[in-house]
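Text of model_16.txt, listed as compact mmCIF, C-alpha atoms:
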```txt
# COMPACT_ATOMS: atom_id res chain seq x y z
CA MET A 1 5.12 29.00 -122.67
CA VAL A 2 7.16 29.52 -125.81
CA GLY A 3 10.82 29.81 -126.66
CA LEU A 4 12.11 31.61 -129.71
CA GLY A 5 15.30 30.38 -131.33
CA ARG A 6 17.01 33.35 -133.02
CA MET A 7 13.73 35.07 -132.35
CA GLY A 8 11.87 37.69 -134.28
CA GLY A 9 11.93 40.56 -131.77
CA ASN A 10 8.52 42.01 -132.63
CA MET A 11 6.83 38.62 -132.34
CA ALA A 12 8.48 37.97 -128.99
CA ILE A 13 7.32 41.33 -127.66
CA ARG A 14 3.76 40.68 -128.76
CA LEU A 15 3.80 37.29 -127.02
CA VAL A 16 5.06 38.83 -123.80
CA GLN A 17 2.33 41.46 -124.02
CA GLY A 18 -0.15 38.60 -124.33
CA GLY A 19 0.99 37.10 -121.03
CA HIS A 20 3.24 34.32 -122.36
CA ARG A 21 6.59 33.45 -120.86
CA VAL A 22 9.16 33.83 -123.61
CA VAL A 23 12.79 32.76 -123.60
CA GLY A 24 14.82 34.05 -126.51
CA TYR A 25 18.10 33.14 -128.14
CA ALA A 26 20.04 34.67 -131.02
CA ARG A 27 23.59 34.10 -132.18
CA ARG A 28 24.21 37.81 -131.78
CA PRO A 29 23.15 38.78 -128.23
CA GLU A 30 22.41 42.36 -129.25
CA GLN A 31 19.50 41.07 -131.34
CA VAL A 32 17.78 39.97 -128.15
CA GLN A 33 18.22 43.16 -126.15
CA GLU A 34 15.18 45.06 -127.44
CA ALA A 35 12.97 42.10 -126.59
CA VAL A 36 14.65 41.66 -123.18
CA ALA A 37 13.65 45.22 -122.33
CA GLN A 38 10.06 44.20 -123.04
CA GLY A 39 10.13 41.17 -120.73
CA VAL A 40 11.77 38.37 -122.71
CA THR A 41 14.26 36.17 -120.85
CA SER A 42 17.57 35.91 -122.67
CA SER A 43 19.46 32.65 -123.06
CA GLY A 44 23.06 32.23 -124.11
CA SER A 45 22.78 29.00 -126.10
CA LEU A 46 20.30 26.58 -127.61
CA ALA A 47 20.89 24.20 -124.74
CA GLU A 48 20.10 26.95 -122.25
CA LEU A 49 17.00 27.89 -124.22
CA VAL A 50 15.67 24.34 -124.18
CA GLY A 51 16.58 23.86 -120.52
CA SER A 52 14.72 27.03 -119.54
CA LEU A 53 11.35 25.71 -120.77
CA ARG A 54 9.00 23.24 -119.07
CA PRO A 55 7.99 20.20 -121.15
CA PRO A 56 6.20 20.00 -123.42
CA ARG A 57 8.36 22.75 -124.84
CA VAL A 58 7.39 24.98 -127.75
CA VAL A 59 10.38 26.35 -129.67
CA TRP A 60 9.51 28.83 -132.42
CA LEU A 61 12.11 29.69 -135.07
CA MET A 62 12.03 33.05 -136.85
CA ILE A 63 15.08 32.89 -139.10
CA PRO A 64 15.82 33.00 -142.85
CA ALA A 65 14.94 30.00 -144.97
CA GLY A 66 17.66 27.70 -146.23
CA PRO A 67 20.96 26.90 -144.44
CA PRO A 68 20.21 28.97 -141.28
CA THR A 69 16.96 27.06 -140.71
CA GLU A 70 18.57 23.73 -141.62
CA GLU A 71 21.37 24.26 -139.10
CA MET A 72 19.07 25.44 -136.33
CA ILE A 73 16.61 22.56 -136.73
CA LYS A 74 19.47 20.06 -136.69
CA GLY A 75 20.79 21.58 -133.46
CA LEU A 76 17.39 21.70 -131.78
CA LEU A 77 16.42 18.14 -132.68
CA ALA A 78 19.50 16.99 -130.80
CA LEU A 79 18.23 18.77 -127.68
CA LEU A 80 14.44 18.47 -127.72
CA SER A 81 12.52 15.57 -126.16
CA PRO A 82 9.64 13.48 -127.52
CA GLY A 83 6.43 15.46 -127.14
CA ASP A 84 8.09 18.85 -127.62
CA LEU A 85 6.84 21.07 -130.43
CA LEU A 86 9.13 22.74 -132.97
CA VAL A 87 7.64 25.61 -135.00
CA ASP A 88 9.18 27.07 -138.16
CA GLY A 89 7.69 30.55 -138.37
CA GLY A 90 10.01 31.66 -141.15
CA ASN A 91 9.03 31.24 -144.77
CA SER A 92 10.83 28.07 -145.76
CA TYR A 93 10.34 26.21 -149.03
CA TYR A 94 7.51 23.78 -148.37
CA LYS A 95 9.46 20.77 -149.66
CA ASP A 96 12.16 21.54 -147.09
CA THR A 97 9.42 21.83 -144.46
CA LEU A 98 8.09 18.37 -145.32
CA ARG A 99 11.60 16.99 -144.85
CA HIS A 100 12.04 18.83 -141.54
CA SER A 101 8.71 17.52 -140.31
CA GLY A 102 9.77 13.98 -141.18
CA ARG A 103 13.07 14.35 -139.32
CA ALA A 104 11.27 15.70 -136.27
CA ALA A 105 8.77 12.82 -136.31
CA GLU A 106 11.61 10.31 -136.27
CA LYS A 107 12.65 11.77 -132.91
CA GLY A 108 9.12 12.04 -131.55
CA VAL A 109 9.16 15.83 -131.83
CA HIS A 110 6.02 17.49 -133.17
CA PHE A 111 6.31 20.02 -135.97
CA VAL A 112 4.22 22.98 -137.12
CA ASP A 113 4.98 25.39 -139.95
CA VAL A 114 3.62 28.93 -139.79
CA GLY A 115 3.81 30.99 -142.96
CA THR A 116 3.95 34.50 -141.55
CA SER A 117 3.06 37.80 -143.20
CA GLY A 118 3.02 41.25 -141.66
CA GLY A 119 6.63 42.36 -141.71
CA ILE A 120 7.63 45.37 -139.66
CA TRP A 121 3.95 46.27 -139.14
CA GLY A 122 3.17 43.03 -137.32
CA LEU A 123 3.71 44.34 -133.80
CA LYS A 124 1.09 47.04 -134.38
CA GLU A 125 -1.34 45.34 -136.78
CA GLY A 126 -0.86 41.68 -135.90
CA TYR A 127 0.55 38.93 -138.09
CA SER A 128 -1.25 36.97 -140.77
CA MET A 129 -0.38 33.33 -140.12
CA MET A 130 -1.01 30.32 -142.33
CA VAL A 131 -0.52 27.26 -140.13
CA GLY A 132 0.33 23.70 -141.15
CA GLY A 133 0.34 20.80 -138.71
CA SER A 134 -1.86 18.30 -136.90
CA GLU A 135 -5.01 19.58 -135.20
CA ALA A 136 -3.61 18.62 -131.79
CA ASP A 137 -0.31 20.42 -132.34
CA VAL A 138 -2.02 23.56 -133.62
CA ALA A 139 -4.39 23.45 -130.63
CA LEU A 140 -1.37 23.50 -128.29
CA LEU A 141 -0.05 26.53 -130.17
CA THR A 142 -3.40 28.33 -130.43
CA PRO A 143 -2.98 30.69 -127.41
CA ALA A 144 0.20 32.10 -128.96
CA LEU A 145 -1.37 32.28 -132.42
CA LYS A 146 -4.35 34.22 -131.09
CA THR A 147 -1.99 36.66 -129.39
CA LEU A 148 0.09 37.23 -132.51
CA ALA A 149 -2.84 37.52 -134.94
CA PRO A 150 -4.71 40.75 -135.78
CA ALA A 151 -7.58 39.35 -133.72
CA PRO A 152 -8.11 36.04 -131.87
CA ASP A 153 -10.53 34.85 -134.56
CA ALA A 154 -9.13 36.58 -137.65
CA GLY A 155 -5.96 36.64 -139.70
CA TRP A 156 -4.79 33.12 -138.88
CA GLY A 157 -5.88 29.53 -139.31
CA ARG A 158 -4.82 25.93 -139.67
CA VAL A 159 -4.83 25.33 -143.44
CA GLY A 160 -3.81 21.66 -143.44
CA PRO A 161 -1.07 19.19 -142.43
CA ALA A 162 2.60 20.02 -141.95
CA GLY A 163 4.00 21.79 -145.00
CA SER A 164 0.71 23.37 -146.02
CA GLY A 165 1.31 26.58 -144.06
CA HIS A 166 4.49 27.35 -145.95
CA TYR A 167 2.86 26.26 -149.21
CA VAL A 168 0.00 28.74 -148.78
CA LYS A 169 2.46 31.50 -147.81
CA MET A 170 4.52 30.72 -150.92
CA VAL A 171 1.52 31.28 -153.18
CA HIS A 172 0.56 34.35 -151.13
CA ASN A 173 3.92 35.88 -152.00
CA GLY A 174 3.54 34.97 -155.65
CA ILE A 175 0.25 36.87 -155.73
CA GLU A 176 1.96 39.75 -153.95
CA TYR A 177 4.54 39.95 -156.77
CA GLY A 178 1.77 40.31 -159.35
CA LEU A 179 -0.11 42.95 -157.37
CA MET A 180 3.00 45.02 -156.79
CA GLU A 181 3.97 44.87 -160.46
CA ALA A 182 0.49 45.97 -161.56
CA TYR A 183 0.49 48.95 -159.21
CA ALA A 184 3.99 49.97 -160.31
CA GLU A 185 3.15 49.72 -164.01
CA GLY A 186 -0.10 51.62 -163.60
CA PHE A 187 1.53 54.54 -161.84
CA ALA A 188 4.34 54.56 -164.42
CA ILE A 189 1.72 54.98 -167.17
CA LEU A 190 0.09 57.83 -165.25
CA ALA A 191 3.47 59.52 -164.78
CA ALA A 192 4.26 59.23 -168.48
CA LYS A 193 1.09 61.18 -169.46
CA SER A 194 2.77 64.55 -169.02
CA ASP A 195 -0.10 66.45 -170.70
CA PHE A 196 -2.29 66.00 -167.63
CA ARG A 197 0.40 66.71 -165.02
CA LEU A 198 -1.16 64.15 -162.74
CA ASP A 199 -0.43 64.18 -159.02
CA LEU A 200 0.28 60.49 -158.43
CA ALA A 201 -0.04 60.76 -154.66
CA GLN A 202 -3.48 62.36 -155.06
CA VAL A 203 -4.58 59.60 -157.45
CA ALA A 204 -3.40 56.95 -155.00
CA ASP A 205 -5.35 58.63 -152.19
CA ILE A 206 -8.50 58.71 -154.32
CA TRP A 207 -8.17 55.01 -155.10
CA ARG A 208 -7.71 54.14 -151.43
CA ARG A 209 -11.38 54.82 -150.64
CA GLY A 210 -14.15 53.02 -152.48
CA SER A 211 -12.08 51.81 -155.42
CA VAL A 212 -11.97 48.14 -156.39
CA VAL A 213 -8.16 48.35 -156.41
CA ARG A 214 -7.88 49.58 -152.82
CA SER A 215 -5.56 47.55 -150.62
CA TRP A 216 -2.86 47.81 -147.99
CA LEU A 217 -0.27 47.66 -150.76
CA LEU A 218 -1.92 50.71 -152.30
CA ASP A 219 -1.80 52.46 -148.92
CA LEU A 220 1.94 51.85 -148.77
CA THR A 221 2.34 52.98 -152.39
CA ALA A 222 0.49 56.20 -151.60
CA ASP A 223 2.82 56.82 -148.67
CA ALA A 224 5.85 56.40 -150.95
CA LEU A 225 4.37 58.74 -153.56
CA HIS A 226 3.82 61.39 -150.88
CA HIS A 227 7.61 61.42 -150.35
CA PRO A 228 9.01 61.89 -153.88
CA ASP A 229 12.40 63.04 -152.60
CA GLU A 230 12.90 59.73 -150.83
CA LEU A 231 11.63 57.80 -153.85
CA ALA A 232 14.14 59.59 -156.10
CA HIS A 233 17.02 58.13 -154.08
CA ILE A 234 15.87 54.50 -154.38
CA ALA A 235 17.76 52.47 -156.97
CA PRO A 236 15.61 50.50 -159.46
CA PHE A 237 16.89 47.21 -158.05
CA VAL A 238 14.29 44.74 -156.75
CA SER A 239 15.28 41.64 -154.78
CA ASP A 240 13.17 38.57 -154.16
CA SER A 241 13.03 36.28 -151.15
CA GLY A 242 12.61 33.14 -153.25
CA GLU A 243 8.92 32.48 -152.71
CA GLY A 244 7.83 34.06 -155.99
CA ARG A 245 10.12 31.78 -157.98
CA TRP A 246 9.02 28.78 -155.90
CA THR A 247 5.43 29.64 -156.87
CA VAL A 248 6.39 29.77 -160.54
CA PHE A 249 8.19 26.40 -160.27
CA GLU A 250 5.09 24.93 -158.63
CA SER A 251 2.81 26.28 -161.35
CA ILE A 252 4.98 24.52 -163.94
CA ASP A 253 4.99 21.25 -161.97
CA LEU A 254 1.18 21.39 -161.69
CA ASN A 255 0.60 22.57 -165.28
CA VAL A 256 -1.21 25.66 -164.02
CA SER A 257 -0.69 28.76 -166.15
CA ALA A 258 0.49 31.71 -164.04
CA PRO A 259 1.82 34.31 -166.52
CA VAL A 260 1.30 37.37 -164.30
CA ILE A 261 3.29 35.95 -161.39
CA ALA A 262 5.98 34.62 -163.74
CA LEU A 263 6.36 37.96 -165.51
CA ALA A 264 6.45 39.87 -162.22
CA LEU A 265 9.34 37.62 -161.13
CA GLU A 266 11.11 38.17 -164.45
CA ARG A 267 10.79 41.93 -164.03
CA ARG A 268 12.49 41.72 -160.64
CA ILE A 269 15.32 39.66 -162.08
CA ARG A 270 15.66 42.12 -164.99
CA SER A 271 15.99 45.03 -162.54
CA ARG A 272 19.26 43.59 -161.25
CA GLU A 273 21.08 43.44 -164.59
CA ALA A 274 23.63 46.23 -164.64
CA ASP A 275 24.64 45.60 -168.27
CA PRO A 276 21.66 43.91 -169.98
CA LEU A 277 22.83 41.75 -172.87
CA VAL A 278 19.29 41.00 -174.10
CA GLU A 279 18.52 44.56 -175.23
CA LYS A 280 21.98 44.96 -176.75
CA LEU A 281 21.46 41.85 -178.85
CA LEU A 282 18.00 43.02 -179.92
CA ALA A 283 19.45 46.36 -181.08
CA ALA A 284 22.29 44.55 -182.88
CA MET A 285 19.88 42.21 -184.68
CA ARG A 286 17.74 45.13 -185.88
CA GLN A 287 20.85 46.80 -187.24
CA GLU A 288 21.99 43.60 -188.96
CA PHE A 289 18.78 42.78 -190.80
CA GLY A 290 17.31 46.23 -191.33
CA GLY A 291 20.12 48.69 -191.04
CA HIS A 292 18.39 50.33 -188.08
CA ALA A 293 20.44 52.82 -186.09
CA VAL A 294 21.78 51.85 -182.71
CA LYS A 295 22.31 54.13 -179.76
CA PRO A 296 25.90 54.05 -178.46
CA GLU A 297 26.67 53.80 -174.79
CA PRO A 298 27.31 57.24 -173.20
```
Same coordinates, now as structure tokens:
Amino acid sequence: MVGLGRMGGNMAIRLVQGGHRVVGYARRPEQVQEAVAQGVTSSGSLAELVGSLRPPRVVWLMIPAGPPTEEMIKGLLALLSPGDLLVDGGNSYYKDTLRHSGRAAEKGVHFVDVGTSGGIWGLKEGYSMMVGGSEADVALLTPALKTLAPAPDAGWGRVGPAGSGHYVKMVHNGIEYGLMEAYAEGFAILAAKSDFRLDLAQVADIWRRGSVVRSWLLDLTADALHHPDELAHIAPFVSDSGEGRWTVFESIDLNVSAPVIALALERRIRSREADPLVEKLLAAMRQEFGGHAVKPEP
């Protein structure tokens, strides 16, 4: 039995398909409707959600990190009873998770953090889940984890105590930044070699089988390259969810050199600058000391 506060619809549907009773709540009722059609029971408030579940309750949050998670955990801890289990399945900063776990313990509520990867493909492929919490708490959650995972014995695991699941997911995303940047730079180099008139989609397809750089990210890149018209309409603006920068902060705190991840994060930040001062100053300095020409704005 599992409840989902402001639930992730795909995860709820997968749980229902696995035979679990799921009660869902979201601030906007329309967010629940797709899952309701798949067998989820809707609730109109947190109190109704908690009251709909038999103790020991399992309440699984799938909401953005930061203030939304803070507010929801505060509200739930006022409603849950000792012995209930609260799960943060979003990708919160692990230091926040440690604090949330401590607050829950003060009220006798158990806490598990599940760093979750899989995105919009999770319903079909299963979710990769990095789980932090006590062995007993994770054991209680195991039937749901096995249902959500790519396979009952693959793609998920308890990695350590509370906080460790989100910590592992944080580093996972840092690695993801580096991989994505390397793929993007490589294909940009191939595109720039106009003499060969390379078909980038063909190259990506070749690399997908047998190559040491094959991966799911490459599969997705190949799909994008097969639709150049769609790619042409995408602005060169790359956001970040925060986990890449948290990884860089952690590398500094631990004195672990991580230049690839740090540079990949910097490239994302650079992509958002509409009027980059850095390059303007570089051009101005070259003109000042060497009389080099500058290119005026169009």
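The spacing separating atom CA of Ile189 of chain A from atom CA of Arg268 of chain A amounts to 18.3 Å.
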- Task: Can you work out which one of A:Ala47, A:Ile175, A:Val159, A:Ala224 has the shortest atom-to-atom distance to Val112 of chain A, counting all atoms listed in the file?
- Result: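 Nearest candidate to Val112 of chain A out of A:Ala47, A:Ile175, A:Val159, A:Ala224: A:Val159.
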- Item | Which residue of A:Tyr177, A:Tyr25, A:Trp156, A:Tyr127 approaches Ala264 of chain A most closely, using all atoms listed in the file | A:Tyr177
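Candidate residues A:Arg99, A:Arg286, A:Lys74, A:Arg267 were compared for distance to Glu185 of chain A, and the nearest is A:Arg267, using only C-alpha atoms.
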- Task: Find, counting only C-alpha atoms, the residue in A:His172, A:Asn255, A:Pro150, A:Ile269 that gets nearest to Gly122 of chain A.
- Result: A:Pro150
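With atom CA of Gly115 of chain A on one side and atom CA of Arg270 of chain A on the other, the separation reads 27.4 Å.
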- Query: Between atom CA of Ser43 of chain A and atom CA of Val109 of chain A, what is the spacing in Å?
  - Reply: 21.6 Å
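Omitting segment 230-236 of chain A and its sequence neighbours fewer than 3 positions away, and counting all atoms listed in the file, the residues within 10 Å are Ala224, Leu225, His226, His227, Arg268, Ser271 and Arg272 of chain A.
Among the candidates A:Gly244, A:Leu46, A:Val203, A:Leu263, the residue lying nearest to Ala182 of chain A is A:Leu263 (atoms considered: only C-alpha atoms).
Among the candidates A:Met129, A:Val294, A:Val248, A:Ala284, the one nearest to Arg158 of chain A when counting all atoms listed in the file is A:Met129.
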